[in-house]
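File shown: run.cif (mmCIF, C-alpha atoms).
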data_start
#
loop_
_atom_site.label_atom_id
_atom_site.label_comp_id
_atom_site.auth_asym_id
_atom_site.auth_seq_id
_atom_site.Cartn_x
_atom_site.Cartn_y
_atom_site.Cartn_z
CA MET A 265 0.00 0.00 0.00
CA LYS A 266 1.11 3.52 -0.82
CA LEU A 267 -1.03 5.90 1.21
CA LEU A 268 -1.39 9.67 0.92
CA ILE A 269 -2.55 11.38 4.13
CA THR A 270 -3.44 15.02 3.61
CA GLY A 271 -3.60 17.31 6.63
CA ALA A 272 -0.50 15.53 7.96
CA ALA A 273 0.45 18.41 10.27
CA GLY A 274 -3.08 18.52 11.67
CA PHE A 275 -4.41 16.94 14.83
CA ILE A 276 -5.96 13.79 13.36
CA GLY A 277 -3.52 13.49 10.45
CA TYR A 278 -0.53 13.44 12.81
CA HIS A 279 -2.06 10.72 14.98
CA LEU A 280 -3.10 8.67 11.93
CA ILE A 281 0.45 8.65 10.59
CA GLU A 282 1.73 7.53 14.00
CA LYS A 283 -0.90 4.79 13.99
CA MET A 284 -0.21 3.43 10.52
CA ILE A 285 3.51 3.99 9.96
CA SER A 286 4.52 0.75 11.69
CA MET A 287 2.32 -1.42 9.48
CA ASP A 288 4.05 -3.93 7.24
CA ASN A 289 4.33 -3.19 3.52
CA ILE A 290 3.14 0.40 3.69
CA GLU A 291 4.61 3.63 2.39
CA ILE A 292 3.06 6.88 3.62
CA VAL A 293 3.24 10.33 2.08
CA GLY A 294 2.03 13.23 4.21
CA LEU A 295 0.81 16.50 2.73
CA ASP A 296 0.00 19.82 4.40
CA ILE A 297 0.15 23.52 3.51
CA ILE A 298 0.62 24.46 7.23
CA ASN A 299 -1.77 27.42 7.27
CA ASP A 300 -2.00 29.79 10.21
CA TYR A 301 -5.61 29.12 11.29
CA TYR A 302 -4.01 28.22 14.63
CA ASP A 303 -0.47 28.18 16.05
CA ILE A 304 1.82 26.90 13.29
CA ASN A 305 4.49 26.02 15.86
CA LEU A 306 2.21 23.26 17.14
CA LYS A 307 1.95 21.94 13.57
CA TYR A 308 5.72 22.07 13.07
CA ASP A 309 6.25 20.25 16.38
CA ARG A 310 3.89 17.47 15.32
CA LEU A 311 5.88 17.10 12.12
CA ARG A 312 9.16 17.21 14.06
CA ASN A 313 7.95 14.19 16.03
CA LEU A 314 7.52 12.42 12.70
CA GLY A 315 11.08 13.25 11.62
CA PHE A 316 10.61 16.47 9.64
CA GLU A 317 12.53 19.61 10.61
CA LYS A 318 10.97 23.04 10.12
CA SER A 319 13.92 24.33 8.09
CA ALA A 320 13.56 21.49 5.56
CA ILE A 321 9.78 21.89 5.32
CA GLU A 322 10.06 25.63 4.63
CA TYR A 323 12.48 25.27 1.72
CA ASN A 324 11.61 21.93 0.13
CA GLN A 325 8.45 20.60 -1.45
CA ALA A 326 9.31 16.92 -0.95
CA ILE A 327 11.39 15.56 1.96
CA ILE A 328 12.05 12.18 3.57
CA SER A 329 11.54 11.60 7.30
CA SER A 330 14.69 11.19 9.37
CA LYS A 331 12.75 8.88 11.70
CA PHE A 332 10.81 6.59 9.34
CA LYS A 333 12.26 5.40 6.05
CA ASN A 334 8.78 4.75 4.66
CA LEU A 335 7.48 8.29 5.32
CA SER A 336 7.84 11.45 3.23
CA PHE A 337 6.21 14.87 3.19
CA TYR A 338 5.07 17.47 0.66
CA ARG A 339 4.16 21.06 1.50
CA ILE A 340 1.31 21.64 -0.97
CA GLY A 341 -2.16 23.15 -0.68
CA LEU A 342 -5.15 21.27 -2.07
CA GLU A 343 -6.03 24.36 -4.14
CA ASP A 344 -2.72 24.03 -6.03
CA LYS A 345 -3.99 21.65 -8.71
CA ASN A 346 -0.81 21.63 -10.80
CA SER A 347 1.45 20.65 -7.89
CA LEU A 348 -1.10 18.13 -6.63
CA ASP A 349 -1.37 16.48 -10.06
CA LYS A 350 2.43 16.30 -10.41
CA MET A 351 2.73 14.64 -6.98
CA PHE A 352 0.06 12.06 -7.81
CA ALA A 353 1.79 11.26 -11.11
CA ILE A 354 5.14 10.76 -9.35
CA GLU A 355 3.98 8.88 -6.26
CA LYS A 356 1.28 6.62 -7.77
CA PHE A 357 -0.80 6.19 -4.61
CA SER A 358 -2.95 3.14 -4.09
CA HIS A 359 -4.96 4.76 -1.26
CA VAL A 360 -5.75 8.33 -0.20
CA CYS A 361 -7.04 9.65 3.12
CA ASN A 362 -8.05 13.30 2.82
CA LEU A 363 -8.02 15.00 6.23
CA ALA A 364 -6.91 18.42 4.98
CA ALA A 365 -9.58 21.09 5.31
CA GLN A 366 -10.29 24.51 6.66
CA ALA A 367 -11.57 23.63 10.12
CA GLY A 368 -13.91 25.41 12.54
CA VAL A 369 -17.63 26.10 12.58
CA ARG A 370 -17.55 29.69 13.90
CA TYR A 371 -14.67 30.79 11.68
CA SER A 372 -16.77 29.86 8.64
CA LEU A 373 -19.10 32.73 9.52
CA GLU A 374 -16.17 35.16 9.30
CA ASN A 375 -14.14 33.83 6.37
CA PRO A 376 -16.36 31.76 4.05
CA MET A 377 -13.97 31.83 1.08
CA ALA A 378 -11.35 29.87 3.04
CA TYR A 379 -13.87 27.01 3.18
CA VAL A 380 -14.82 27.27 -0.48
CA ASN A 381 -11.17 27.20 -1.57
CA SER A 382 -9.93 24.41 0.69
CA ASN A 383 -12.98 22.25 1.37
CA ILE A 384 -14.71 22.47 -1.99
CA VAL A 385 -12.20 23.43 -4.70
CA GLY A 386 -9.45 21.48 -2.93
CA PHE A 387 -11.63 18.41 -2.57
CA VAL A 388 -12.56 18.41 -6.25
CA ASN A 389 -8.83 18.50 -7.03
CA ILE A 390 -8.36 15.42 -4.82
CA LEU A 391 -11.23 13.62 -6.53
CA GLU A 392 -9.85 14.42 -9.98
CA ALA A 393 -6.35 13.28 -9.00
CA CYS A 394 -7.72 10.00 -7.60
CA ARG A 395 -9.84 9.44 -10.70
CA HIS A 396 -6.98 9.94 -13.15
CA ASN A 397 -4.37 7.98 -11.18
CA SER A 398 -6.19 4.69 -10.51
CA VAL A 399 -6.50 5.19 -6.74
CA GLU A 400 -8.14 2.11 -5.20
CA HIS A 401 -9.90 3.87 -2.31
CA LEU A 402 -10.44 7.45 -1.15
CA ALA A 403 -11.38 7.95 2.50
CA TYR A 404 -12.10 11.53 3.55
CA ALA A 405 -13.08 13.55 6.60
CA SER A 406 -16.63 14.71 6.88
CA SER A 407 -18.14 15.98 10.14
CA SER A 408 -20.96 15.49 12.61
CA SER A 409 -21.83 19.11 11.73
CA VAL A 410 -23.61 17.85 8.61
CA TYR A 411 -26.57 16.77 10.79
CA GLY A 412 -27.44 20.44 11.28
CA LEU A 413 -31.02 20.93 12.45
CA ASN A 414 -31.68 17.19 12.85
CA GLU A 415 -33.11 16.42 16.28
CA THR A 416 -33.58 12.65 15.97
CA MET A 417 -31.01 11.04 18.28
CA PRO A 418 -28.68 9.30 17.87
CA PHE A 419 -27.56 10.74 14.54
CA SER A 420 -27.52 7.97 11.93
CA VAL A 421 -25.82 7.92 8.53
CA HIS A 422 -29.20 6.73 7.24
CA HIS A 423 -30.85 10.04 8.24
CA ASN A 424 -31.40 12.90 5.82
CA ILE A 425 -28.88 15.77 6.22
CA ASP A 426 -30.43 18.53 4.13
CA HIS A 427 -30.37 21.29 6.76
CA PRO A 428 -26.79 22.30 7.72
CA ILE A 429 -26.46 25.50 9.79
CA SER A 430 -22.90 26.62 8.97
CA LEU A 431 -20.88 26.94 5.79
CA TYR A 432 -18.37 24.52 7.31
CA ALA A 433 -21.12 21.89 7.60
CA ALA A 434 -22.37 22.67 4.10
CA SER A 435 -18.84 22.26 2.70
CA LYS A 436 -18.58 18.83 4.35
CA LYS A 437 -21.93 17.74 2.98
CA SER A 438 -20.77 18.91 -0.45
CA ASN A 439 -17.75 16.60 -0.09
CA GLU A 440 -20.06 13.64 0.46
CA LEU A 441 -22.19 14.59 -2.56
CA MET A 442 -19.20 15.06 -4.84
CA ALA A 443 -17.62 11.82 -3.65
CA HIS A 444 -20.82 9.95 -4.46
CA THR A 445 -20.83 11.45 -7.94
CA TYR A 446 -17.30 10.18 -8.60
CA SER A 447 -18.15 6.77 -7.15
CA GLN A 448 -21.17 6.53 -9.46
CA LEU A 449 -19.64 7.96 -12.63
CA PHE A 450 -16.09 6.61 -12.44
CA GLY A 451 -16.27 3.66 -10.05
CA LEU A 452 -13.96 5.37 -7.52
CA PRO A 453 -14.56 3.76 -4.10
CA THR A 454 -15.09 6.54 -1.55
CA THR A 455 -15.82 6.52 2.19
CA GLY A 456 -16.86 9.58 4.19
CA LEU A 457 -15.97 9.81 7.89
CA ARG A 458 -18.24 11.89 10.12
CA PHE A 459 -16.08 12.71 13.15
CA PHE A 460 -17.72 13.68 16.46
CA THR A 461 -15.94 16.29 18.66
CA VAL A 462 -12.42 14.88 18.60
CA TYR A 463 -10.10 15.59 21.55
CA GLY A 464 -6.81 14.34 22.97
CA PRO A 465 -3.04 15.05 23.06
CA TRP A 466 -1.73 17.42 20.38
CA GLY A 467 -5.29 18.75 19.99
CA ARG A 468 -6.36 21.95 18.28
CA PRO A 469 -6.10 25.18 20.33
CA ASP A 470 -9.56 26.31 19.12
CA MET A 471 -11.32 23.28 20.61
CA ALA A 472 -13.12 23.29 23.97
CA LEU A 473 -10.76 21.04 25.95
CA PHE A 474 -7.71 23.08 24.95
CA LEU A 475 -9.44 26.41 25.57
CA PHE A 476 -10.81 25.30 28.95
CA THR A 477 -7.51 23.85 30.17
CA LYS A 478 -5.51 26.93 29.20
CA ALA A 479 -8.00 29.36 30.75
CA ILE A 480 -8.33 27.41 34.01
CA LEU A 481 -4.55 27.16 34.45
CA ASP A 482 -4.23 30.88 33.66
CA GLY A 483 -6.94 31.74 36.21
CA LYS A 484 -9.20 33.18 33.50
CA PRO A 485 -12.93 32.55 32.92
CA ILE A 486 -14.11 29.90 30.46
CA ASP A 487 -16.99 30.60 28.04
CA VAL A 488 -19.82 28.11 28.63
CA PHE A 489 -22.21 28.32 25.70
CA ASN A 490 -25.96 27.68 25.82
CA TYR A 491 -25.62 28.26 29.57
CA GLY A 492 -24.08 24.82 29.91
CA LYS A 493 -27.08 23.00 28.42
CA MET A 494 -25.04 21.24 25.75
CA LYS A 495 -24.29 17.60 25.03
CA ARG A 496 -21.37 16.44 22.92
CA ASP A 497 -20.30 12.99 21.81
CA PHE A 498 -16.67 13.66 22.77
CA THR A 499 -14.45 11.13 20.96
CA TYR A 500 -10.84 10.41 21.87
CA VAL A 501 -8.37 10.84 19.01
CA GLY A 502 -6.95 7.33 19.49
CA ASP A 503 -10.42 5.90 18.88
CA ILE A 504 -10.85 8.12 15.83
CA VAL A 505 -7.65 6.98 14.13
CA GLU A 506 -8.35 3.29 14.86
CA GLY A 507 -11.66 3.74 13.06
CA VAL A 508 -10.02 5.60 10.16
CA LYS A 509 -7.38 2.89 9.81
CA ARG A 510 -10.04 0.20 9.54
CA VAL A 511 -11.96 2.21 6.97
CA ILE A 512 -8.87 2.77 4.81
CA LEU A 513 -8.19 -0.97 4.77
CA ASN A 514 -11.77 -1.86 3.80
CA LYS A 515 -12.96 -0.17 0.66
CA PRO A 516 -16.74 0.04 0.14
CA GLU A 517 -18.68 -2.23 -2.15
CA PRO A 518 -21.93 -1.29 -3.93
CA ASN A 519 -25.05 -2.01 -1.90
CA ILE A 520 -26.92 -4.42 -4.20
CA ASN A 521 -30.11 -3.89 -2.18
CA TRP A 522 -30.07 -0.12 -2.61
CA SER A 523 -33.16 1.30 -4.30
CA GLY A 524 -33.79 4.68 -5.87
CA ALA A 525 -37.45 4.31 -4.86
CA THR A 526 -36.45 4.32 -1.16
CA PRO A 527 -32.93 5.81 -1.27
CA ASP A 528 -30.70 5.15 1.75
CA PRO A 529 -28.40 8.18 2.38
CA GLY A 530 -25.74 6.00 4.05
CA SER A 531 -24.91 3.75 1.09
CA SER A 532 -25.44 3.48 -2.66
CA ILE A 533 -25.58 1.29 -5.72
CA ALA A 534 -22.12 2.84 -6.30
CA PRO A 535 -19.00 1.90 -4.24
CA TYR A 536 -19.77 4.60 -1.68
CA LYS A 537 -20.20 4.56 2.10
CA VAL A 538 -20.42 6.97 5.04
CA TYR A 539 -19.61 6.19 8.70
CA ASN A 540 -20.06 8.00 11.98
CA ILE A 541 -17.00 7.75 14.23
CA GLY A 542 -18.14 8.84 17.66
CA ASN A 543 -18.06 7.59 21.23
CA ASN A 544 -21.81 6.79 21.19
CA GLN A 545 -22.00 8.24 24.73
CA PRO A 546 -22.92 11.94 24.75
CA VAL A 547 -21.68 13.89 27.77
CA GLN A 548 -23.21 16.97 29.35
CA LEU A 549 -20.91 19.96 28.88
CA MET A 550 -20.96 20.66 32.62
CA ASP A 551 -19.85 17.07 33.33
CA PHE A 552 -17.03 17.48 30.81
CA ILE A 553 -15.91 20.68 32.55
CA LYS A 554 -16.14 18.94 35.94
CA ALA A 555 -13.83 16.17 34.68
CA ILE A 556 -11.29 18.82 33.61
CA GLU A 557 -11.56 20.54 37.00
CA ASN A 558 -11.03 17.21 38.79
CA GLU A 559 -7.94 16.44 36.71
CA LEU A 560 -6.45 19.90 37.25
CA GLY A 561 -7.53 20.22 40.86
CA VAL A 562 -8.85 23.71 40.09
CA GLU A 563 -12.42 25.01 39.79
CA ALA A 564 -13.14 26.97 36.63
CA ILE A 565 -14.48 30.52 36.60
CA LYS A 566 -17.49 30.19 34.31
CA ASN A 567 -18.88 32.80 31.92
CA TYR A 568 -22.31 31.57 30.81
CA LEU A 569 -23.34 32.60 27.28
CA PRO A 570 -26.17 31.81 24.82
CA LEU A 571 -25.89 29.26 22.01
CA GLN A 572 -23.59 30.55 19.28
CA PRO A 573 -24.59 30.81 15.59
CA GLY A 574 -23.71 27.60 13.77
CA ASP A 575 -23.69 25.48 16.94
CA VAL A 576 -26.17 22.73 17.80
CA PRO A 577 -27.24 21.88 21.38
CA ALA A 578 -26.44 18.17 21.16
CA THR A 579 -24.59 15.52 19.13
CA TYR A 580 -24.87 11.75 19.50
CA ALA A 581 -23.36 9.23 17.08
CA ASP A 582 -25.09 6.05 15.99
CA VAL A 583 -22.13 3.76 15.20
CA THR A 584 -24.13 0.64 14.25
CA ASP A 585 -22.64 0.50 10.75
CA LEU A 586 -19.10 0.91 12.11
CA ILE A 587 -19.69 -2.05 14.43
CA ASN A 588 -21.42 -4.25 11.86
CA ASP A 589 -19.06 -3.58 8.95
CA LEU A 590 -15.71 -3.08 10.68
CA GLY A 591 -16.16 -4.71 14.10
CA TYR A 592 -15.21 -1.55 15.92
CA LYS A 593 -16.73 0.80 18.50
CA PRO A 594 -14.91 3.72 20.17
CA ASN A 595 -14.81 3.24 23.94
CA THR A 596 -12.36 5.64 25.65
CA SER A 597 -13.90 7.33 28.70
CA ILE A 598 -13.71 11.12 29.00
CA GLU A 599 -11.85 10.72 32.30
CA HIS A 600 -9.05 8.76 30.63
CA GLY A 601 -9.03 10.97 27.52
CA ILE A 602 -8.91 14.19 29.54
CA HIS A 603 -6.11 12.77 31.71
CA GLN A 604 -4.09 11.97 28.57
CA PHE A 605 -4.64 15.45 27.14
CA ILE A 606 -3.77 17.35 30.31
CA SER A 607 -0.64 15.24 30.86
CA TRP A 608 0.46 16.16 27.33
CA TYR A 609 -0.51 19.83 27.81
CA LYS A 610 1.47 20.26 31.02
CA ASN A 611 4.51 18.58 29.47
CA TYR A 612 4.31 20.46 26.14
CA TYR A 613 3.84 23.90 27.72
CA ALA A 614 6.12 23.14 30.69
#
In structure tokens, what does this structure look like?
Amino acid sequence: MKLLITGAAGFIGYHLIEKMISMDNIEIVGLDIINDYYDINLKYDRLRNLGFEKSAIEYNQAIISSKFKNLSFYRIGLEDKNSLDKMFAIEKFSHVCNLAAQAGVRYSLENPMAYVNSNIVGFVNILEACRHNSVEHLAYASSSSVYGLNETMPFSVHHNIDHPISLYAASKKSNELMAHTYSQLFGLPTTGLRFFTVYGPWGRPDMALFLFTKAILDGKPIDVFNYGKMKRDFTYVGDIVEGVKRVILNKPEPNINWSGATPDPGSSIAPYKVYNIGNNQPVQLMDFIKAIENELGVEAIKNYLPLQPGDVPATYADVTDLINDLGYKPNTSIEHGIHQFISWYKNYYA
């Protein structure tokens, strides 16, 4: 297997490379543009752990890891179609996992074009490159945000998702629609991965656990949205990447029982599939905060605020298909996951 992982300097991409690099008979190529949506030093440090020095990344488009002989890295943006096409022609990937995207729900209200360029134009470039280079399977990151105004719990991949409430969510739904088109027209096997509130070591600074931990240790208030009346299916990053690994290794087959008269959104007559990867155990936001306080031994100063535009009050993943098809269910408790994150945070920030 020769696997391209885009978003290699990102939170999930970094952990996925660590997860898969020790597999037998695999060669991995990481790709990232290293944008400044959040602290780029965190991204460079993730890459340094994988054997890539900042000085080499800044001045070279293709470099080999000093730590893993079967790992290399390209600094390319998904919007750069010419460079992307040249890389695909040279590397001849058998599998692609697209985790690169402009992240963040709230930021999409401020800078919509970043999402159009990266998540839509960039994704079409990935699809075209896979189509023209005989890629055997494309797995790609979607998001629990696609469920939008849905209130039926738990969220199932077999539910309709026609009412997103942020451009970020809409861009992720568009990825699923475009992937299905390529699966149907060109026989490209594609699998969408709807991640649910991922957290853990090396996490993103714009996510709740990171923001809460930093503010509590600094003695500053934390913003508690919807006055604390939120539920999230917090999912540990180790569970996420185990699910992604299994998906990559199991390309989808057409559902021979699929019918256009009663269309199932979660599968297709084409080689197309979508999975939720979530903990299947939603946690009250106040319980999540309490677990952080217990781990730190400090009580947070809380600033209660209304629900923010683009946010939903609850998420809850139905992972039945993940269990039935891949024999896997995430199971890390928030207590263990928060302990792992805070241990990393204290060590990383000294």
Go through segment 394-486 of chain A residue by residue and, counting all atoms listed in the file, keep those with an atom at most 6 Å from segment 565-576 of chain A; for each kept residue give the shortest atom pair and its distance in Å to one decimal, ordered by chain and increasing number, as a tab-separated table.
residue	atom	partner	partner_atom	distance
A:Ile429	CA	A:Gly574	CA	5.3
A:Ser430	CA	A:Gly574	CA	5.0
A:Pro485	CA	A:Ile565	CA	4.5
A:Ile486	CA	A:Lys566	CA	5.1
Find the residues near segment 390-393 of chain A: any atom within 7 Å, counting all atoms listed in the file, skip ones fewer than 3 places away on the same chain, and give them as a ChimeraX atom specification. /A:349,352,386-387,396-397
Which residues are close to Asn324 of chain A, i.e. within 8 Å by all atoms listed in the file, leaving aside same-chain residues fewer than 3 positions away? Reply as a VMD selection string. chain A and resid 320 to 321 327 338 to 339
Picked residues, the PyMOL selection byres ((chain A and resi 547-562) around 6), as an MDAnalysis selection string: chainID A and resid 492 494:496 546 563
Find the spatial neighbours of Lys331 of chain A, counting only C-alpha atoms, within a cut-off of 9 Å - ignore same-chain residues fewer than 5 positions away - and output them as number ranges by chain. A: 313-316
Take the PyMOL selection byres ((chain A and resi 303) around 12), apply it to the structure above, and return the hits as a PyMOL selection string. chain A and resi 273-275+298-302+304-310+466-470
Given the PyMOL selection byres ((chain A and resi 501) around 7), the residues it picks as a list in words: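 Applied to this file, the PyMOL selection byres ((chain A and resi 501) around 7) selects Ile276, Val462, Tyr463, Gly464, Thr499, Tyr500, Gly502, Asp503, Ile504 and Val505 of chain A.
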Identify which of the residues A:Gly271, A:Ile606, A:Glu415, A:Ala564 lies closest to Ala479 of chain A, counting all atoms listed in the file when measuring atom-to-atom distances. A:Ala564
Atom CA of Pro516 of chain A to atom CA of Leu431 of chain A measures 27.8 Å
For each of A:Phe460, A:Ile290, A:Val508, A:Leu513, take the minimum atom-to-atom distance to Pro418 of chain A, counting all atoms listed in the file, then give the residue where this is smallest.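 Nearest to Pro418 of chain A: A:Phe460.
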Kindly indicate which residue among A:Gly507, A:Pro465, A:Pro428, A:Pro527 lies nearest to Asn543 of chain A, using all atoms listed in the file for the distances. A:Gly507
If we count all atoms listed in the file and set the cut-off at 8 Å, which residues sit around His444 of chain A, ignoring sequence neighbours fewer than 6 positions away in its own chain? Please answer as a list in words.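 Contacts, in chain order: Thr454, Ala534 and Tyr536 of chain A.
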Extract, using all atoms listed in the file, all DNA, RNA and protein residues at most 12 Å from Met284 of chain A, discarding same-chain residues fewer than 2 positions from it, and format them as a PDB file with C-alpha atoms, in the coordinates of the input.
ATOM      1  CA  MET A 265       0.000   0.000   0.000  1.00  0.00           C
ATOM      2  CA  LYS A 266       1.110   3.520  -0.820  1.00  0.00           C
ATOM      3  CA  LEU A 267      -1.030   5.900   1.210  1.00  0.00           C
ATOM      4  CA  LEU A 268      -1.390   9.670   0.920  1.00  0.00           C
ATOM      5  CA  ILE A 269      -2.550  11.380   4.130  1.00  0.00           C
ATOM      6  CA  GLY A 277      -3.520  13.490  10.450  1.00  0.00           C
ATOM      7  CA  TYR A 278      -0.530  13.440  12.810  1.00  0.00           C
ATOM      8  CA  HIS A 279      -2.060  10.720  14.980  1.00  0.00           C
ATOM      9  CA  LEU A 280      -3.100   8.670  11.930  1.00  0.00           C
ATOM     10  CA  ILE A 281       0.450   8.650  10.590  1.00  0.00           C
ATOM     11  CA  GLU A 282       1.730   7.530  14.000  1.00  0.00           C
ATOM     12  CA  SER A 286       4.520   0.750  11.690  1.00  0.00           C
ATOM     13  CA  MET A 287       2.320  -1.420   9.480  1.00  0.00           C
ATOM     14  CA  ASP A 288       4.050  -3.930   7.240  1.00  0.00           C
ATOM     15  CA  ASN A 289       4.330  -3.190   3.520  1.00  0.00           C
ATOM     16  CA  ILE A 290       3.140   0.400   3.690  1.00  0.00           C
ATOM     17  CA  GLU A 291       4.610   3.630   2.390  1.00  0.00           C
ATOM     18  CA  ILE A 292       3.060   6.880   3.620  1.00  0.00           C
ATOM     19  CA  VAL A 293       3.240  10.330   2.080  1.00  0.00           C
ATOM     20  CA  GLY A 294       2.030  13.230   4.210  1.00  0.00           C
ATOM     21  CA  PHE A 332      10.810   6.590   9.340  1.00  0.00           C
ATOM     22  CA  ASN A 334       8.780   4.750   4.660  1.00  0.00           C
ATOM     23  CA  LEU A 335       7.480   8.290   5.320  1.00  0.00           C
ATOM     24  CA  CYS A 361      -7.040   9.650   3.120  1.00  0.00           C
ATOM     25  CA  GLY A 502      -6.950   7.330  19.490  1.00  0.00           C
ATOM     26  CA  VAL A 505      -7.650   6.980  14.130  1.00  0.00           C
ATOM     27  CA  GLU A 506      -8.350   3.290  14.860  1.00  0.00           C
ATOM     28  CA  GLY A 507     -11.660   3.740  13.060  1.00  0.00           C
ATOM     29  CA  VAL A 508     -10.020   5.600  10.160  1.00  0.00           C
ATOM     30  CA  LYS A 509      -7.380   2.890   9.810  1.00  0.00           C
ATOM     31  CA  ARG A 510     -10.040   0.200   9.540  1.00  0.00           C
ATOM     32  CA  ILE A 512      -8.870   2.770   4.810  1.00  0.00           C
ATOM     33  CA  LEU A 513      -8.190  -0.970   4.770  1.00  0.00           C
TER      34      LEU A 513
END
From A:Asn519, A:Asn414, A:Ser420, A:Ser408, residue lying nearest Thr584 of chain A [all atoms listed in the file]: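 Closest to Thr584 of chain A, using all atoms listed in the file: A:Ser420.
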Could you complete segment 349-364 of chain A so that it carries N, CA and C atoms, and give it back as a PDB file, in the frame of the given file?
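The result, written out as part_5.pdb:
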ATOM      1  N   ASP A 349      -1.373  17.444  -8.950  1.00  0.00           N
ATOM      2  CA  ASP A 349      -1.370  16.480 -10.060  1.00  0.00           C
ATOM      3  C   ASP A 349       0.026  15.912 -10.307  1.00  0.00           C
ATOM      4  N   LYS A 350       1.052  16.777 -10.220  1.00  0.00           N
ATOM      5  CA  LYS A 350       2.430  16.300 -10.410  1.00  0.00           C
ATOM      6  C   LYS A 350       2.809  15.286  -9.333  1.00  0.00           C
ATOM      7  N   MET A 351       2.416  15.562  -8.075  1.00  0.00           N
ATOM      8  CA  MET A 351       2.730  14.640  -6.980  1.00  0.00           C
ATOM      9  C   MET A 351       2.042  13.298  -7.188  1.00  0.00           C
ATOM     10  N   PHE A 352       0.775  13.310  -7.567  1.00  0.00           N
ATOM     11  CA  PHE A 352       0.060  12.060  -7.810  1.00  0.00           C
ATOM     12  C   PHE A 352       0.719  11.254  -8.929  1.00  0.00           C
ATOM     13  N   ALA A 353       1.150  11.948  -9.987  1.00  0.00           N
ATOM     14  CA  ALA A 353       1.790  11.260 -11.110  1.00  0.00           C
ATOM     15  C   ALA A 353       3.110  10.613 -10.695  1.00  0.00           C
ATOM     16  N   ILE A 354       3.848  11.280  -9.805  1.00  0.00           N
ATOM     17  CA  ILE A 354       5.140  10.760  -9.350  1.00  0.00           C
ATOM     18  C   ILE A 354       4.949   9.619  -8.357  1.00  0.00           C
ATOM     19  N   GLU A 355       4.071   9.802  -7.390  1.00  0.00           N
ATOM     20  CA  GLU A 355       3.980   8.880  -6.260  1.00  0.00           C
ATOM     21  C   GLU A 355       3.134   7.636  -6.539  1.00  0.00           C
ATOM     22  N   LYS A 356       2.129   7.755  -7.404  1.00  0.00           N
ATOM     23  CA  LYS A 356       1.280   6.620  -7.770  1.00  0.00           C
ATOM     24  C   LYS A 356       0.669   5.940  -6.538  1.00  0.00           C
ATOM     25  N   PHE A 357      -0.167   6.691  -5.836  1.00  0.00           N
ATOM     26  CA  PHE A 357      -0.800   6.190  -4.610  1.00  0.00           C
ATOM     27  C   PHE A 357      -1.807   5.093  -4.908  1.00  0.00           C
ATOM     28  N   SER A 358      -1.879   4.124  -4.002  1.00  0.00           N
ATOM     29  CA  SER A 358      -2.950   3.140  -4.090  1.00  0.00           C
ATOM     30  C   SER A 358      -4.154   3.577  -3.264  1.00  0.00           C
ATOM     31  N   HIS A 359      -3.906   4.321  -2.159  1.00  0.00           N
ATOM     32  CA  HIS A 359      -4.960   4.760  -1.260  1.00  0.00           C
ATOM     33  C   HIS A 359      -4.727   6.230  -0.884  1.00  0.00           C
ATOM     34  N   VAL A 360      -5.818   6.934  -0.626  1.00  0.00           N
ATOM     35  CA  VAL A 360      -5.750   8.330  -0.200  1.00  0.00           C
ATOM     36  C   VAL A 360      -6.687   8.527   0.978  1.00  0.00           C
ATOM     37  N   CYS A 361      -6.188   9.232   2.010  1.00  0.00           N
ATOM     38  CA  CYS A 361      -7.040   9.650   3.120  1.00  0.00           C
ATOM     39  C   CYS A 361      -6.962  11.166   3.216  1.00  0.00           C
ATOM     40  N   ASN A 362      -8.047  11.835   2.854  1.00  0.00           N
ATOM     41  CA  ASN A 362      -8.050  13.300   2.820  1.00  0.00           C
ATOM     42  C   ASN A 362      -8.585  13.858   4.130  1.00  0.00           C
ATOM     43  N   LEU A 363      -7.666  14.356   4.963  1.00  0.00           N
ATOM     44  CA  LEU A 363      -8.020  15.000   6.230  1.00  0.00           C
ATOM     45  C   LEU A 363      -7.771  16.497   6.187  1.00  0.00           C
ATOM     46  N   ALA A 364      -7.194  16.991   5.105  1.00  0.00           N
ATOM     47  CA  ALA A 364      -6.910  18.420   4.980  1.00  0.00           C
ATOM     48  C   ALA A 364      -8.205  19.184   4.743  1.00  0.00           C
TER      49      ALA A 364
END
